[in-house]
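Colleague: Please find one structure pasted underneath; my questions will follow.
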Amino acid sequence: MSIALPRLGADIARLDGPQKVTGTATYAYEHPLTDPAYVVAICSTVARGRVVGIDASEAMHVAGVLAVLSHERAPALADTSDRELAILQTPDVRFRGQIVAAVVADSLEIATHAAGLVRVAYEADEHRVLLAADDPELYAPDDTDTSQGDVEAALRSAATTIDATYRTPIQHNNPLEPHTTVALWRDGWLRLYESTQSVHGVRDTIAGLFGLDEEQVHVSAPFVGGGFGSKGMVHAPTVLAAMAARALPGRPVKLALTRRQMFTLAGHRAPTIQRMRLGAAADGTLVALSHDVWQHTSHVKEFVEQASSISRMMYAAADRRTTHRLAPLDVPVQSWMRAPGAAPGSFALECAIDELAVALRIDPIELRVRNEPPADPETGLPWSSRNLVTCLRQGAEQFGWAAPGPAAGSRRVGRRLVGAGVAGGAYPRESMDGSLAQIELLHDGRYAVRIGAIDVGTGTWTALTQIAAEALGVPLERIALDIGDTALPYSHVPGGSAGITSWGSTLWGAATAFREAHGSDPSPGDEVTAGAAANPAEDAYAMHAFAAHFAEVSVDIDTGEVRVPRMLGVFAIGRVVNPRTARSQLIGGMTFGLSMALHEQSVMDPNAGAVVTQDLADYHVAANADVGDLDARWIDELDPHVNPMGTKGIGEIGIVGSAAAIANAVFHATGVRVRDLPITPDKLLAAG
Ligand code: MOS
């Protein structure tokens, strides 16, 4: 068999690139449908209370208005147990910005105009939206506290201790493409074009809500313009679009959230308050590690941002504990945002380690090396691979890390203070089982490879094609991949950087099954549908990706402005399927970390009961001008345990630890320890 093109590990340009740059890749809103109607949501202007009257008479008189939906006039849902999704079923309002009505009209302009004419009257109750660690209603969510040994006793007897509290703000995912649904209800069938990370997840959720069989719902998402987790679960707007379609059978309806609505209806990362306590012997050996987390959760639906989970596995310490406490507030529903838990958690842990290094006068890399756990401290399982030390050492050399470096606040260049910081990071290698793939040999000699996977902008089209070619032992051009549709075999949501692990393993399993069924000389029409083979290593090893992050900052002594001229991430991520798309994921994650360190915050106004930074001017996401020289590298790592490809997941590890590296660099530059993200100039100037 001739191999005309390289496969696994090859630097292949995105196969979907030409479609994207020529504008022919169809995103959800763009599917050509005849005579669509448009849905505009009307959102509550109180944070807690109930709707006591809806006057739609004026709106209904506008030419082109087709329907006004509200709790008085909306389809009853078959399942209202998920209260985020059970919209328009009761008059209750549980957060500001909740969908309380909607207008459907012949054009977006008419629907927007008429939505402004619908008068909604409320009875408002007192609301509470600000997180405090002494909230009177704090509670411990199920199964999130861990404890080993006696951490209090270990802290008391430690030679050196750190006790510091860190804060991270509410953050919003803000993918470039807003959450979008195009829906068509015809003859008892529901057709959805959706911006989602999981077509089958949308299908199953919507079918359950509307009392349909799963086969009656068909979801397509061939191209998605980013999600960063916010499109991993179904949110209320999808339900609204389906309701509108049901109200107008046979007519397609389109709904795209406005950027403002993205700040209430598409999830967010909860704010955190994190108390880190570390105890160490004089040589830097950690003896105690305690990580307590406070965060908010919506009254509508509980969500735990698992910020302390990284503290359970990152470093050796015989005595440790982690806790989470939730304050139920009148806030919108949060959900996944890139590296849920690990992003804010690593900020607290990796800054605390840096504080300990300063207190002990030990180089922060050396301190981390001294606290390498030989096995997973939480489970006792051996690492499938770890190599954090290799990442730190290689990174130190490539970055030009100086140990011991100049004292904090001592290096000045002109009117700027200059410093460098380092941090570690880890992200679990998740795997979502149960996906299936179909492989069929076509008459033209290509293999059709069908799986309901999603490319959210990450390079899935390309990477899965490479994996399929490798698994079938054929050149790339003999693979005809099809993804992004519920007509294809069932696929799980790729949460937790698990896309390539899960779908790749599925393709690998299907390719193996194909060869077993049809031998080495298959005939056109031969096909097989199968899933991943069970991985015997799954419960025998602790599996994580690791990172070492380095950052250089310079801080203006007059304005407090922080610039980041250089960032380097060195990663232990197993085998890289495609260096080009992988690098893009890693530097994207690092940019997320930079953005988290310096810019991103959703400001909650306690009087309005809402986030008031509702656009990309007020909610600043790092732009090109904020980003300096970004370099992502990875070590040569072969992990035989994680999956047949040897991949550990790359979507999230880039953000885990990168914000801490910048915060540590800011301390090194200025001598000011900012424990409250983002590190805005006012916080540095206030500290003198
Ligand atoms: Mo990712 S935040 O697990 O979609």
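All residue names refer to the structure tokens as shown: chains lettered A, B, ... in order, residues numbered from 1 in each chain, ligands numbered from 1 in order.
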Would you pick out the contacts of Trp634 in chain A at 9 Å or less, using only C-alpha atoms, so that residues sharing its chain but fewer than 2 positions from it are not included, and give the list as JSON, numbers by chain?
Modeller: {"A": [391, 547, 569, 570, 571, 572, 573, 574, 576, 632, 636, 637]}
Colleague: Around ligand 1, out to 9 Å and counting only C-alpha atoms and all ligand atoms, which residues are there? I want them as a ChimeraX atom specification.
Modeller: /A:173,197,227-233,335-340,493-498,651-652
Colleague: Go ahead and save the residues from that selection, with N, CA and C atoms, as a short mmCIF file (atom, residue, chain, number, x, y, z; two decimals), in the first residue's frame.
Modeller:
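Output file result.cif is given in full below:
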```cif
data_model
loop_
_atom_site.label_atom_id
_atom_site.label_comp_id
_atom_site.auth_asym_id
_atom_site.auth_seq_id
_atom_site.Cartn_x
_atom_site.Cartn_y
_atom_site.Cartn_z
N ASN A 173 -17.58 33.29 28.49
CA ASN A 173 -16.86 32.57 27.44
C ASN A 173 -16.66 33.41 26.18
N GLN A 197 -21.45 22.28 20.83
CA GLN A 197 -20.31 21.37 20.93
C GLN A 197 -20.77 19.91 20.90
N GLY A 227 -16.70 28.00 21.30
CA GLY A 227 -17.63 27.74 22.39
C GLY A 227 -16.92 27.89 23.73
N PHE A 228 -15.71 27.35 23.81
CA PHE A 228 -14.93 27.40 25.05
C PHE A 228 -15.74 26.84 26.22
N GLY A 229 -16.60 25.89 25.93
CA GLY A 229 -17.42 25.25 26.96
C GLY A 229 -18.86 25.72 26.97
N SER A 230 -19.10 26.95 26.55
CA SER A 230 -20.47 27.48 26.70
C SER A 230 -21.46 26.78 25.77
N LYS A 231 -20.95 26.11 24.74
CA LYS A 231 -21.84 25.37 23.85
C LYS A 231 -21.81 23.87 24.13
N GLY A 232 -21.26 23.53 25.29
CA GLY A 232 -21.20 22.11 25.66
C GLY A 232 -22.51 21.59 26.19
N MET A 233 -23.27 22.47 26.81
CA MET A 233 -24.59 22.09 27.31
C MET A 233 -25.62 22.93 26.58
N SER A 335 -21.98 27.74 33.66
CA SER A 335 -21.74 26.43 33.04
C SER A 335 -20.25 26.30 32.78
N TRP A 336 -19.89 25.45 31.85
CA TRP A 336 -18.47 25.21 31.59
C TRP A 336 -17.84 26.43 30.92
N MET A 337 -16.65 26.74 31.37
CA MET A 337 -15.80 27.68 30.63
C MET A 337 -14.39 27.09 30.66
N ARG A 338 -13.74 27.16 29.53
CA ARG A 338 -12.43 26.55 29.28
C ARG A 338 -11.64 26.27 30.57
N ALA A 339 -11.34 24.99 30.78
CA ALA A 339 -10.71 24.49 32.00
C ALA A 339 -11.52 24.84 33.24
N PRO A 340 -12.78 24.33 33.27
CA PRO A 340 -13.62 24.59 34.44
C PRO A 340 -12.87 24.17 35.71
N VAL A 493 -20.50 14.62 23.99
CA VAL A 493 -19.91 15.96 24.07
C VAL A 493 -18.42 15.82 24.40
N PRO A 494 -17.57 16.62 23.75
CA PRO A 494 -16.13 16.49 23.96
C PRO A 494 -15.65 17.30 25.14
N GLY A 495 -16.41 17.35 26.25
CA GLY A 495 -16.01 18.19 27.38
C GLY A 495 -14.67 17.75 27.95
N GLY A 496 -14.02 18.68 28.61
CA GLY A 496 -12.79 18.36 29.32
C GLY A 496 -11.65 17.97 28.39
N SER A 497 -11.51 18.67 27.28
CA SER A 497 -10.42 18.40 26.33
C SER A 497 -10.43 16.96 25.84
N ALA A 498 -11.61 16.34 25.82
CA ALA A 498 -11.68 14.91 25.54
C ALA A 498 -12.04 14.60 24.09
N GLY A 651 -6.97 21.07 24.61
CA GLY A 651 -7.85 22.24 24.49
C GLY A 651 -7.79 23.18 25.68
N GLU A 652 -7.47 22.65 26.85
CA GLU A 652 -7.58 23.47 28.05
C GLU A 652 -6.26 23.69 28.80
#
```
Colleague: Excluding Met590 in chain A and residues on its chain fewer than 6 positions from it, collect all residues at most 6 Å away from it, counting only C-alpha atoms, and give them as a PyMOL selection string.
Modeller: chain A and resi 654-655+658
Colleague: With distances taken over only C-alpha atoms, which of A:Asp354, A:Arg73, A:Gln19, A:Val103 is nearest to Arg675 in chain A?
Modeller: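 Of A:Asp354, A:Arg73, A:Gln19, A:Val103, the one nearest Arg675 in chain A is A:Asp354, counting only C-alpha atoms.
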Colleague: For the atom pair CA of Ala548 in chain A and CA of His324 in chain A, what is the interatomic distance in Å to one decimal place?
Modeller: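 If I compute the distance from CA of Ala548 in chain A to CA of His324 in chain A, I get 26.3 Å.
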Colleague: Which of these, A:Thr501, A:Thr146, A:Asn643, A:Ser602, has the shortest distance to Ile170 in chain A once you count only C-alpha atoms?
Modeller: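 So, comparing all the options, the nearest one is A:Ser602.
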Colleague: Quick one, how far is CA of Glu430 in chain A from CA of Pro141 in chain A?
Modeller: 22.0 Å
Colleague: Give the strand (DSSP E or B) residues of range 540-619 of chain A, as assigned by DSSP on the backbone, as a PyMOL selection string.
Modeller: chain A and resi 542+544-556+562-572+574+602+604-605+610-611
Colleague: Using DSSP on the backbone coordinates, identify the residues of range 416-539 of chain A assigned to alpha helix (DSSP H); present them as a list in words.
Modeller: Thr460, Trp461, Thr462, Ala463, Leu464, Thr465, Gln466, Ile467, Ala468, Ala469, Glu470, Ala471, Leu472, Gly499, Ser505, Thr506, Leu507, Trp508, Gly509, Ala510, Ala511, Thr512, Ala513, Phe514, Arg515, Glu516, Ala517 and His518 of chain A
Colleague: Could you list, as a compact mmCIF listing (two decimals) with N, CA and C atoms, in the first residue's frame, every residue within 10 Å of Glu137 in chain A, counting only C-alpha atoms and ignoring same-chain residues fewer than 6 positions away?
Modeller:
```txt
# COMPACT_ATOMS: atom_id res chain seq x y z
N ARG A 325 -17.69 25.67 48.98
CA ARG A 325 -18.94 26.14 49.55
C ARG A 325 -19.64 27.02 48.52
N LEU A 326 -20.93 26.81 48.39
CA LEU A 326 -21.70 27.54 47.38
C LEU A 326 -22.65 28.52 48.06
N ALA A 327 -22.71 29.72 47.51
CA ALA A 327 -23.69 30.70 47.93
C ALA A 327 -24.76 30.79 46.84
N PRO A 328 -25.98 30.34 47.14
CA PRO A 328 -27.03 30.44 46.11
C PRO A 328 -27.51 31.88 45.97
N LEU A 329 -27.34 32.43 44.79
CA LEU A 329 -27.67 33.84 44.56
C LEU A 329 -28.62 33.98 43.37
```
Colleague: Would you tabulate, counting only C-alpha atoms, all residues of range 550-614 of chain A that have an atom at most 12 Å from an atom of range 41-46 of chain A, showing the closest pair of atoms and their distance in Å to one decimal, sorted by chain then ascending number, as JSON lines?
Modeller:
```
{"residue": "A:Pro606", "atom": "CA", "partner": "A:Val46", "partner_atom": "CA", "distance": 11.7}
{"residue": "A:Asn607", "atom": "CA", "partner": "A:Val46", "partner_atom": "CA", "distance": 10.1}
{"residue": "A:Ala608", "atom": "CA", "partner": "A:Val46", "partner_atom": "CA", "distance": 7.7}
{"residue": "A:Gly609", "atom": "CA", "partner": "A:Val46", "partner_atom": "CA", "distance": 7.4}
{"residue": "A:Ala610", "atom": "CA", "partner": "A:Val46", "partner_atom": "CA", "distance": 8.8}
```
Colleague: Just write the chosen residues, C-alpha atoms, as a PDB file, in the first residue's frame.
Modeller:
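Now in part_0.pdb:
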```pdb
ATOM      1  CA  PRO A 606     -25.684  44.775  43.258  1.00  0.00           C
ATOM      2  CA  ASN A 607     -28.435  47.329  42.643  1.00  0.00           C
ATOM      3  CA  ALA A 608     -29.235  46.291  39.095  1.00  0.00           C
ATOM      4  CA  GLY A 609     -28.777  42.667  40.075  1.00  0.00           C
ATOM      5  CA  ALA A 610     -26.912  42.036  36.862  1.00  0.00           C
TER       6      ALA A 610
END
```
Colleague: Kindly provide the residues of range 227-323 of chain A that approach range 377-390 of chain A to within 7 Å, each paired with its closest atom pair and their distance in Å to one decimal, based on only C-alpha atoms, listed by chain and increasing number, as JSON lines.
Modeller:
```
{"residue": "A:Arg312", "atom": "CA", "partner": "A:Glu378", "partner_atom": "CA", "distance": 5.7}
{"residue": "A:Met313", "atom": "CA", "partner": "A:Pro377", "partner_atom": "CA", "distance": 5.5}
{"residue": "A:Ala316", "atom": "CA", "partner": "A:Pro377", "partner_atom": "CA", "distance": 6.2}
```
Colleague: Deliver the residues from the most recent selection as a file, using C-alpha atoms, as a compact mmCIF listing (two decimals), in the first residue's frame.
Modeller:
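part-v8.txt written:
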```
# COMPACT_ATOMS: atom_id res chain seq x y z
CA ARG A 312 -5.58 17.20 45.09
CA MET A 313 -3.07 15.93 42.55
CA ALA A 316 3.10 15.87 47.28
```
Colleague: Tell me which of A:Ala111, A:Ala469, A:Ile653, A:Ala343 sits closest to Tyr427 in chain A, counting only C-alpha atoms.
Modeller: A:Ile653
Colleague: Could you please determine the separation between CA of Leu138 in chain A and CA of Val293 in chain A in Å, to one decimal place?
Modeller: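 Atom-to-atom, CA of Leu138 in chain A and CA of Val293 in chain A are spaced 11.4 Å apart.
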Colleague: Quick one: residues within 7 Å of Ala437 in chain A, only C-alpha atoms, excluding same-chain residues fewer than 3 positions away - as JSON, numbers by chain?
Modeller: {"A": [450, 451, 489, 506, 507, 510, 529, 530, 531]}
Colleague: Report as a VMD selection string all protein, DNA and RNA residues lying within 12 Å of range 203-215 of chain A, evaluated on only C-alpha atoms, omitting residues in the same chain fewer than 3 positions from it.
Modeller: chain A and resid 74 to 87 89 183 185 188 to 194 196 to 200 218 to 221 232 to 243 245 to 246 452 485 to 488 490 to 493
